[in-house]
Amino acid sequence: MPVTSRQRHATRLHGIPPTIFSQMSALAARTGAVNLGQGFPDVDGPPAVIAQAVAALRGGANQYAPGPGVPALRAAIARHQRRHYGIDLDPDTEVVVTTGCTEGIAAALLGLVDPGDEVVVLEPYYDSYLAMIQMAGGVRRPVTLRAPDFRLDVDALRAEVSPRTRLILLNSPHNPTGTVLTRAELQAVADVAVEHDLVVVTDEVYEHLTYDDHGHVPIATLPGMAERTLTLSSAGKSYSFTGWKVGWATGPADLVGAVLGAKQWLTFTSGSPLQPAVAHALDEEPDFPRRLAVELRERRDLLCAGLAAAGLDVREPEGTYFATTDTSALGWPDGLAFCLALPERAGVVAIPTQGFHDDADAGRHLVRWAFCKQPEVIAEGVRRLAAADLRAGGR
Ligand code: GLN
């Protein structure tokens, strides 16, 4: 049998599927479908911030940035945490700039998890968590946020903690479910972390994209948590610059040091010219994310109404770019089969989230839809769904 390139892959990659987001975006491009799959906005962030990036490129900010990040950006990140949450950080030791939050996740897991260590993680999990826990040699211990409410089951969380638990990997606002953990839920996580002396790594990239009265509470602000929480975020979602890949990790110096320790061998440093521009965004456009959230709430409502009208059970998200539906009411017990049929049936692409679950039964029928798109794009997607026969077996 010929040796295929797949057989040459290291075992640390075995069983990790290619990212579903790229697969589904390729499907959308191939079929000309309206792409409500991968979460990226179709309008860029503030022009003044882009102008800063252009100025930095032209002004010579083109050689290596310092390892932890450009000082102006680290200072702006520290100010951001103070302004929004009252968190005090030393920009020299408690902030590191990463190449998107994705590198922050990778560096945190590589820097904090030893082979055999257990990581308690919410499922459905963002796909890079699965990949990076495995690449770090860790063992995932999922806690399922179950349909239809996708709330945290604190007893289930406690049941996954063992003497081998190294850390809890949290994500709120939560992709893909749109759940924003309440203060009480976060307090329950904090109680477990303090009781078992655990580190919490928290992905808060949708921190500013919450709706109605569902405010984001960083778990680092709860009593006893600042010293054990590594907070990850980025400019991508807050400022509609997902392709810039500028993120950060903040928290106590030893945890941030672990991120930097791994990061320096992954990317060495992050791209120089975008960092001053993101510093400008954080300092000079502090209200942009809130205005974006107001727009997104309207788009959420437009999408959710359209999904419900198409016969899908939709859960109204409290935050993020995404709404999750149950496809079983239309006769599809399998969300992947639904998503593969959808471009031809309706000319729309969405994301099946079953691959983000260990508990296959909990996720099989779930499909995620992005509303970070212009209203006319969402309206066109909804119009196509309304015009199509979406019932299993139908045409
Ligand atoms: N965060 C984006 C989403 O959830 C996708 C990023 C990616 O494609 N890796 O859709």
# chains A, B, ... in the order shown; residues from 1 in each chain; ligands from 1

$ residues_around --residues "Ala220 (chain A)" --least-positions-apart "4" --cutoff "12 Å" --atoms "only C-alpha atoms" --output "PyMOL selection string"
chain A and resi 81+85-89+170+183+186-187+189-190+193+199-204+216+224-232+250-252

$ write_last_selection --atoms "N, CA and C atoms" --output "mmCIF file, in the first residue's frame"
data_model
loop_
_atom_site.group_PDB
_atom_site.id
_atom_site.type_symbol
_atom_site.label_atom_id
_atom_site.label_comp_id
_atom_site.auth_asym_id
_atom_site.auth_seq_id
_atom_site.Cartn_x
_atom_site.Cartn_y
_atom_site.Cartn_z
ATOM 1 N N GLN A 81 -8.469 46.589 30.035
ATOM 2 C CA GLN A 81 -8.938 45.727 31.130
ATOM 3 C C GLN A 81 -9.351 46.563 32.350
ATOM 4 N N TYR A 85 -13.316 46.575 33.139
ATOM 5 C CA TYR A 85 -13.547 45.584 34.193
ATOM 6 C C TYR A 85 -12.900 45.919 35.538
ATOM 7 N N GLY A 86 -12.135 47.020 35.579
ATOM 8 C CA GLY A 86 -11.444 47.351 36.827
ATOM 9 C C GLY A 86 -10.300 46.406 37.164
ATOM 10 N N ILE A 87 -9.760 45.721 36.156
ATOM 11 C CA ILE A 87 -8.631 44.800 36.379
ATOM 12 C C ILE A 87 -7.324 45.573 36.209
ATOM 13 N N ASP A 88 -6.452 45.480 37.201
ATOM 14 C CA ASP A 88 -5.150 46.157 37.125
ATOM 15 C C ASP A 88 -4.081 45.186 36.654
ATOM 16 N N LEU A 89 -3.340 45.584 35.633
ATOM 17 C CA LEU A 89 -2.292 44.706 35.079
ATOM 18 C C LEU A 89 -1.008 45.497 34.906
ATOM 19 N N LEU A 170 -12.311 27.625 29.744
ATOM 20 C CA LEU A 170 -13.651 28.211 29.706
ATOM 21 C C LEU A 170 -13.797 29.059 28.442
ATOM 22 N N ARG A 183 -23.132 35.448 36.192
ATOM 23 C CA ARG A 183 -22.234 35.610 37.333
ATOM 24 C C ARG A 183 -22.332 34.392 38.263
ATOM 25 N N LEU A 186 -20.456 31.516 36.719
ATOM 26 C CA LEU A 186 -19.016 31.754 36.827
ATOM 27 C C LEU A 186 -18.544 31.572 38.259
ATOM 28 N N GLN A 187 -19.401 31.990 39.207
ATOM 29 C CA GLN A 187 -19.041 31.817 40.622
ATOM 30 C C GLN A 187 -18.910 30.328 40.954
ATOM 31 N N VAL A 189 -17.993 27.980 38.869
ATOM 32 C CA VAL A 189 -16.703 27.541 38.297
ATOM 33 C C VAL A 189 -15.564 28.004 39.204
ATOM 34 N N ALA A 190 -15.673 29.246 39.650
ATOM 35 C CA ALA A 190 -14.627 29.795 40.524
ATOM 36 C C ALA A 190 -14.522 28.985 41.816
ATOM 37 N N ALA A 193 -12.628 25.904 41.066
ATOM 38 C CA ALA A 193 -11.212 26.202 40.806
ATOM 39 C C ALA A 193 -10.461 26.484 42.104
ATOM 40 N N VAL A 199 -5.994 26.227 37.727
ATOM 41 C CA VAL A 199 -5.890 27.381 36.843
ATOM 42 C C VAL A 199 -7.123 27.396 35.928
ATOM 43 N N VAL A 200 -7.627 28.578 35.619
ATOM 44 C CA VAL A 200 -8.690 28.725 34.616
ATOM 45 C C VAL A 200 -8.111 29.506 33.431
ATOM 46 N N VAL A 201 -8.248 28.932 32.253
ATOM 47 C CA VAL A 201 -7.902 29.648 31.021
ATOM 48 C C VAL A 201 -9.227 29.999 30.359
ATOM 49 N N THR A 202 -9.454 31.283 30.091
ATOM 50 C CA THR A 202 -10.770 31.697 29.617
ATOM 51 C C THR A 202 -10.654 32.478 28.306
ATOM 52 N N ASP A 203 -11.361 31.986 27.303
ATOM 53 C CA ASP A 203 -11.386 32.597 25.972
ATOM 54 C C ASP A 203 -12.582 33.547 25.944
ATOM 55 N N GLU A 204 -12.274 34.852 25.893
ATOM 56 C CA GLU A 204 -13.329 35.867 25.988
ATOM 57 C C GLU A 204 -13.360 36.741 24.738
ATOM 58 N N HIS A 216 -21.204 40.645 29.896
ATOM 59 C CA HIS A 216 -20.078 39.728 30.083
ATOM 60 C C HIS A 216 -19.373 40.027 31.414
ATOM 61 N N GLY A 224 -10.746 35.721 44.472
ATOM 62 C CA GLY A 224 -9.820 34.584 44.459
ATOM 63 C C GLY A 224 -9.422 34.122 43.078
ATOM 64 N N MET A 225 -9.931 34.778 42.036
ATOM 65 C CA MET A 225 -9.681 34.274 40.674
ATOM 66 C C MET A 225 -8.551 35.000 39.942
ATOM 67 N N ALA A 226 -8.275 36.250 40.309
ATOM 68 C CA ALA A 226 -7.261 37.002 39.550
ATOM 69 C C ALA A 226 -5.942 36.238 39.521
ATOM 70 N N GLU A 227 -5.589 35.606 40.635
ATOM 71 C CA GLU A 227 -4.272 34.954 40.696
ATOM 72 C C GLU A 227 -4.229 33.599 40.006
ATOM 73 N N ARG A 228 -5.382 33.110 39.549
ATOM 74 C CA ARG A 228 -5.381 31.786 38.913
ATOM 75 C C ARG A 228 -6.031 31.790 37.520
ATOM 76 N N THR A 229 -6.263 32.975 36.975
ATOM 77 C CA THR A 229 -6.958 33.056 35.677
ATOM 78 C C THR A 229 -6.067 33.651 34.594
ATOM 79 N N LEU A 230 -6.005 32.947 33.482
ATOM 80 C CA LEU A 230 -5.358 33.470 32.287
ATOM 81 C C LEU A 230 -6.478 33.832 31.324
ATOM 82 N N THR A 231 -6.596 35.119 30.997
ATOM 83 C CA THR A 231 -7.682 35.602 30.140
ATOM 84 C C THR A 231 -7.146 35.827 28.734
ATOM 85 N N LEU A 232 -7.872 35.283 27.757
ATOM 86 C CA LEU A 232 -7.463 35.431 26.354
ATOM 87 C C LEU A 232 -8.523 36.249 25.619
ATOM 88 N N THR A 250 -3.719 37.825 29.254
ATOM 89 C CA THR A 250 -3.446 38.656 30.422
ATOM 90 C C THR A 250 -3.678 37.837 31.687
ATOM 91 N N GLY A 251 -2.991 38.212 32.744
ATOM 92 C CA GLY A 251 -3.176 37.515 34.018
ATOM 93 C C GLY A 251 -1.898 37.568 34.826
ATOM 94 N N PRO A 252 -1.794 36.709 35.845
ATOM 95 C CA PRO A 252 -0.608 36.734 36.691
ATOM 96 C C PRO A 252 0.659 36.424 35.887
#

$ residues_near_ligand --ligand "ligand 1" --cutoff "8 Å" --atoms "only C-alpha atoms and all ligand atoms" --output "ChimeraX atom specification"
/A:19-22,37-40,126-128,175-176,370

$ atom_distance --atom1 "CA of Val121 (chain A)" --atom2 "CA of Ser270 (chain A)"
27.0 Å

$ residues_around --residues "Val348 (chain A)" --least-positions-apart "3" --cutoff "6 Å" --atoms "only C-alpha atoms" --output "list in words"
Ala33, Val34, Leu342 and Pro343 of chain A

$ closest_atom_pairs --of "region 271-384 of chain A" --to "region 54-64 of chain A" --cutoff "9 Å" --atoms "only C-alpha atoms" --output "Markdown table"
| residue | atom | partner | partner_atom | distance |
| --- | --- | --- | --- | --- |
| A:Gly271 | CA | A:Tyr64 | CA | 7.3 |
| A:Ser272 | CA | A:Ala61 | CA | 5.9 |
| A:Pro273 | CA | A:Ala56 | CA | 5.2 |
| A:Leu274 | CA | A:Ala56 | CA | 7.5 |
| A:Gln275 | CA | A:Ala56 | CA | 8.9 |
| A:Pro276 | CA | A:Ala56 | CA | 7.2 |
| A:Ala277 | CA | A:Ala56 | CA | 7.7 |

$ write_last_selection --atoms "C-alpha atoms" --output "CSV table (one decimal), in the first residue's frame"
chain,number,residue,atom,x,y,z
A,271,GLY,CA,3.4,41.1,13.3
A,272,SER,CA,4.6,44.6,14.1
A,273,PRO,CA,2.6,47.0,12.0
A,274,LEU,CA,-0.9,45.9,13.1
A,275,GLN,CA,0.0,46.3,16.8
A,276,PRO,CA,0.1,50.1,17.0
A,277,ALA,CA,-3.2,50.2,15.0

$ select_by_dssp --residues "region 84-265 of chain A" --states "helix (DSSP H, G or I)" --output "VMD selection string"
chain A and resid 84 to 85 100 to 112 127 to 135 154 to 160 183 to 195 219 to 221 226 to 228 235 to 238 242 to 244 253 to 265

$ residues_around --residues "Asp334 (chain A)" --least-positions-apart "2" --cutoff "9 Å" --atoms "only C-alpha atoms" --output "ChimeraX atom specification"
/A:327-328,331-332,336-339,352,354,363-366

$ write_last_selection --atoms "N, CA, C and O atoms" --output "short mmCIF file (atom, residue, chain, number, x, y, z; two decimals), in the first residue's frame"
data_model
loop_
_atom_site.label_atom_id
_atom_site.label_comp_id
_atom_site.auth_asym_id
_atom_site.auth_seq_id
_atom_site.Cartn_x
_atom_site.Cartn_y
_atom_site.Cartn_z
N THR A 327 -32.10 20.67 14.13
CA THR A 327 -32.67 20.34 12.82
C THR A 327 -33.66 19.18 12.90
O THR A 327 -34.26 18.81 11.88
N SER A 328 -33.85 18.60 14.10
CA SER A 328 -34.69 17.39 14.14
C SER A 328 -36.16 17.67 13.83
O SER A 328 -36.84 16.81 13.28
N GLY A 331 -37.01 16.82 10.54
CA GLY A 331 -36.80 15.42 10.17
C GLY A 331 -35.33 15.06 9.94
O GLY A 331 -35.04 14.00 9.39
N TRP A 332 -34.43 15.95 10.35
CA TRP A 332 -33.00 15.68 10.19
C TRP A 332 -32.39 15.41 11.56
O TRP A 332 -32.07 16.35 12.28
N LEU A 336 -25.04 17.33 10.26
CA LEU A 336 -24.03 17.31 9.19
C LEU A 336 -24.70 17.01 7.85
O LEU A 336 -24.45 17.69 6.84
N ALA A 337 -25.57 16.00 7.84
CA ALA A 337 -26.28 15.65 6.60
C ALA A 337 -27.12 16.86 6.14
O ALA A 337 -27.16 17.19 4.94
N PHE A 338 -27.75 17.53 7.09
CA PHE A 338 -28.53 18.73 6.77
C PHE A 338 -27.64 19.78 6.10
O PHE A 338 -27.99 20.33 5.05
N CYS A 339 -26.47 20.04 6.71
CA CYS A 339 -25.58 21.09 6.18
C CYS A 339 -25.01 20.72 4.82
O CYS A 339 -24.76 21.61 3.99
N PRO A 352 -22.34 22.49 10.90
CA PRO A 352 -22.79 21.45 11.82
C PRO A 352 -21.86 21.47 13.03
O PRO A 352 -20.64 21.56 12.87
N GLN A 354 -21.79 19.07 15.47
CA GLN A 354 -21.63 17.75 16.12
C GLN A 354 -20.17 17.40 16.35
O GLN A 354 -19.83 16.71 17.30
N GLY A 363 -24.97 16.47 20.41
CA GLY A 363 -24.68 17.45 19.36
C GLY A 363 -25.12 17.09 17.97
O GLY A 363 -25.05 17.94 17.06
N ARG A 364 -25.58 15.87 17.76
CA ARG A 364 -25.81 15.38 16.40
C ARG A 364 -26.73 16.28 15.58
O ARG A 364 -26.52 16.52 14.40
N HIS A 365 -27.75 16.82 16.23
CA HIS A 365 -28.80 17.55 15.51
C HIS A 365 -28.60 19.06 15.52
O HIS A 365 -29.52 19.81 15.19
N LEU A 366 -27.40 19.52 15.91
CA LEU A 366 -27.22 20.97 16.07
C LEU A 366 -26.47 21.60 14.90
O LEU A 366 -25.49 21.05 14.41
#

$ select_by_dssp --residues "region 37-104 of chain A" --states "strand (DSSP E)" --output "number ranges by chain"
A: 95-98

$ closest_residue --among "A:Ala392, A:Ala341, A:Ala159, A:Ile133" --to "Leu27 (chain A)" --atoms "only C-alpha atoms"
A:Ala341

$ residues_around --residues "Arg291 (chain A)" --least-positions-apart "5" --cutoff "10 Å" --atoms "only C-alpha atoms" --output "list in words"
His208, Leu209, Pro286 and Leu296 of chain A

$ residues_around --residues "Thr242 (chain A)" --least-positions-apart "4" --cutoff "9 Å" --atoms "only C-alpha atoms" --output "VMD selection string"
chain A and resid 39 to 41 44 100 234 to 238 246

$ write_last_selection --atoms "all heavy atoms" --output "short mmCIF file (atom, residue, chain, number, x, y, z; two decimals), in the first residue's frame"
data_model
loop_
_atom_site.label_atom_id
_atom_site.label_comp_id
_atom_site.auth_asym_id
_atom_site.auth_seq_id
_atom_site.Cartn_x
_atom_site.Cartn_y
_atom_site.Cartn_z
N GLY A 39 -17.53 32.32 10.95
CA GLY A 39 -17.84 33.60 11.57
C GLY A 39 -16.82 34.67 11.25
O GLY A 39 -15.79 34.76 11.91
N PHE A 40 -17.09 35.46 10.23
CA PHE A 40 -16.27 36.64 9.98
C PHE A 40 -17.18 37.71 9.40
O PHE A 40 -18.09 37.40 8.62
CB PHE A 40 -15.09 36.34 9.04
CG PHE A 40 -15.50 35.84 7.68
CD1 PHE A 40 -15.70 36.72 6.63
CD2 PHE A 40 -15.72 34.49 7.46
CE1 PHE A 40 -16.10 36.25 5.37
CE2 PHE A 40 -16.12 34.02 6.20
CZ PHE A 40 -16.31 34.90 5.17
N PRO A 41 -16.99 38.97 9.78
CA PRO A 41 -17.86 40.03 9.29
C PRO A 41 -17.58 40.32 7.82
O PRO A 41 -16.47 40.09 7.34
CB PRO A 41 -17.47 41.25 10.13
CG PRO A 41 -16.56 40.76 11.19
CD PRO A 41 -16.00 39.46 10.75
N ASP A 44 -15.45 45.70 7.17
CA ASP A 44 -14.26 45.86 8.00
C ASP A 44 -14.49 46.83 9.15
O ASP A 44 -15.45 47.60 9.14
CB ASP A 44 -13.09 46.38 7.15
CG ASP A 44 -12.57 45.32 6.18
OD1 ASP A 44 -12.85 44.13 6.40
OD2 ASP A 44 -11.88 45.70 5.21
N GLY A 100 -3.50 36.35 17.19
CA GLY A 100 -4.90 35.95 17.38
C GLY A 100 -5.04 35.20 18.70
O GLY A 100 -4.06 34.78 19.32
N SER A 234 -8.99 39.15 21.87
CA SER A 234 -8.37 39.63 20.63
C SER A 234 -9.13 40.83 20.10
O SER A 234 -10.21 41.17 20.58
CB SER A 234 -8.38 38.51 19.58
OG SER A 234 -9.61 38.49 18.89
N ALA A 235 -8.55 41.44 19.07
CA ALA A 235 -9.21 42.57 18.40
C ALA A 235 -10.13 42.08 17.29
O ALA A 235 -10.94 42.84 16.78
CB ALA A 235 -8.15 43.50 17.80
N GLY A 236 -10.01 40.83 16.90
CA GLY A 236 -10.69 40.33 15.71
C GLY A 236 -12.19 40.53 15.75
O GLY A 236 -12.79 41.09 14.83
N LYS A 237 -12.83 40.06 16.83
CA LYS A 237 -14.28 40.13 16.93
C LYS A 237 -14.73 41.53 17.37
O LYS A 237 -15.69 42.07 16.84
CB LYS A 237 -14.81 39.10 17.93
CG LYS A 237 -14.23 37.71 17.75
CD LYS A 237 -14.51 37.12 16.38
CE LYS A 237 -14.11 35.65 16.27
NZ LYS A 237 -12.67 35.37 16.36
N SER A 238 -14.02 42.12 18.34
CA SER A 238 -14.46 43.41 18.89
C SER A 238 -14.39 44.53 17.87
O SER A 238 -15.17 45.48 17.91
CB SER A 238 -13.61 43.79 20.11
OG SER A 238 -13.74 42.81 21.12
N VAL A 246 -4.61 39.62 15.77
CA VAL A 246 -3.95 40.24 16.92
C VAL A 246 -4.76 39.91 18.17
O VAL A 246 -5.92 40.33 18.29
CB VAL A 246 -3.83 41.78 16.76
CG1 VAL A 246 -3.17 42.39 18.00
CG2 VAL A 246 -3.03 42.13 15.50
#

$ closest_residue --among "A:Val256, A:Leu152, A:Leu122, A:Leu282" --to "Val49 (chain A)" --atoms "only C-alpha atoms"
A:Leu282

$ closest_residue --among "A:Ala387, A:Ala249, A:Ala106, A:Ala350" --to "Thr267 (chain A)" --atoms "only C-alpha atoms"
A:Ala106

$ closest_residue --among "A:Lys263, A:Arg79, A:Lys373, A:Arg368" --to "Val43 (chain A)" --atoms "only C-alpha atoms"
A:Lys373

$ atom_distance --atom1 "CA of Glu103 (chain A)" --atom2 "CA of Ala65 (chain A)"
16.1 Å

$ closest_residue --among "A:Gly311, A:Gly67, A:Gly306, A:Pro46" --to "His280 (chain A)" --atoms "only C-alpha atoms"
A:Pro46
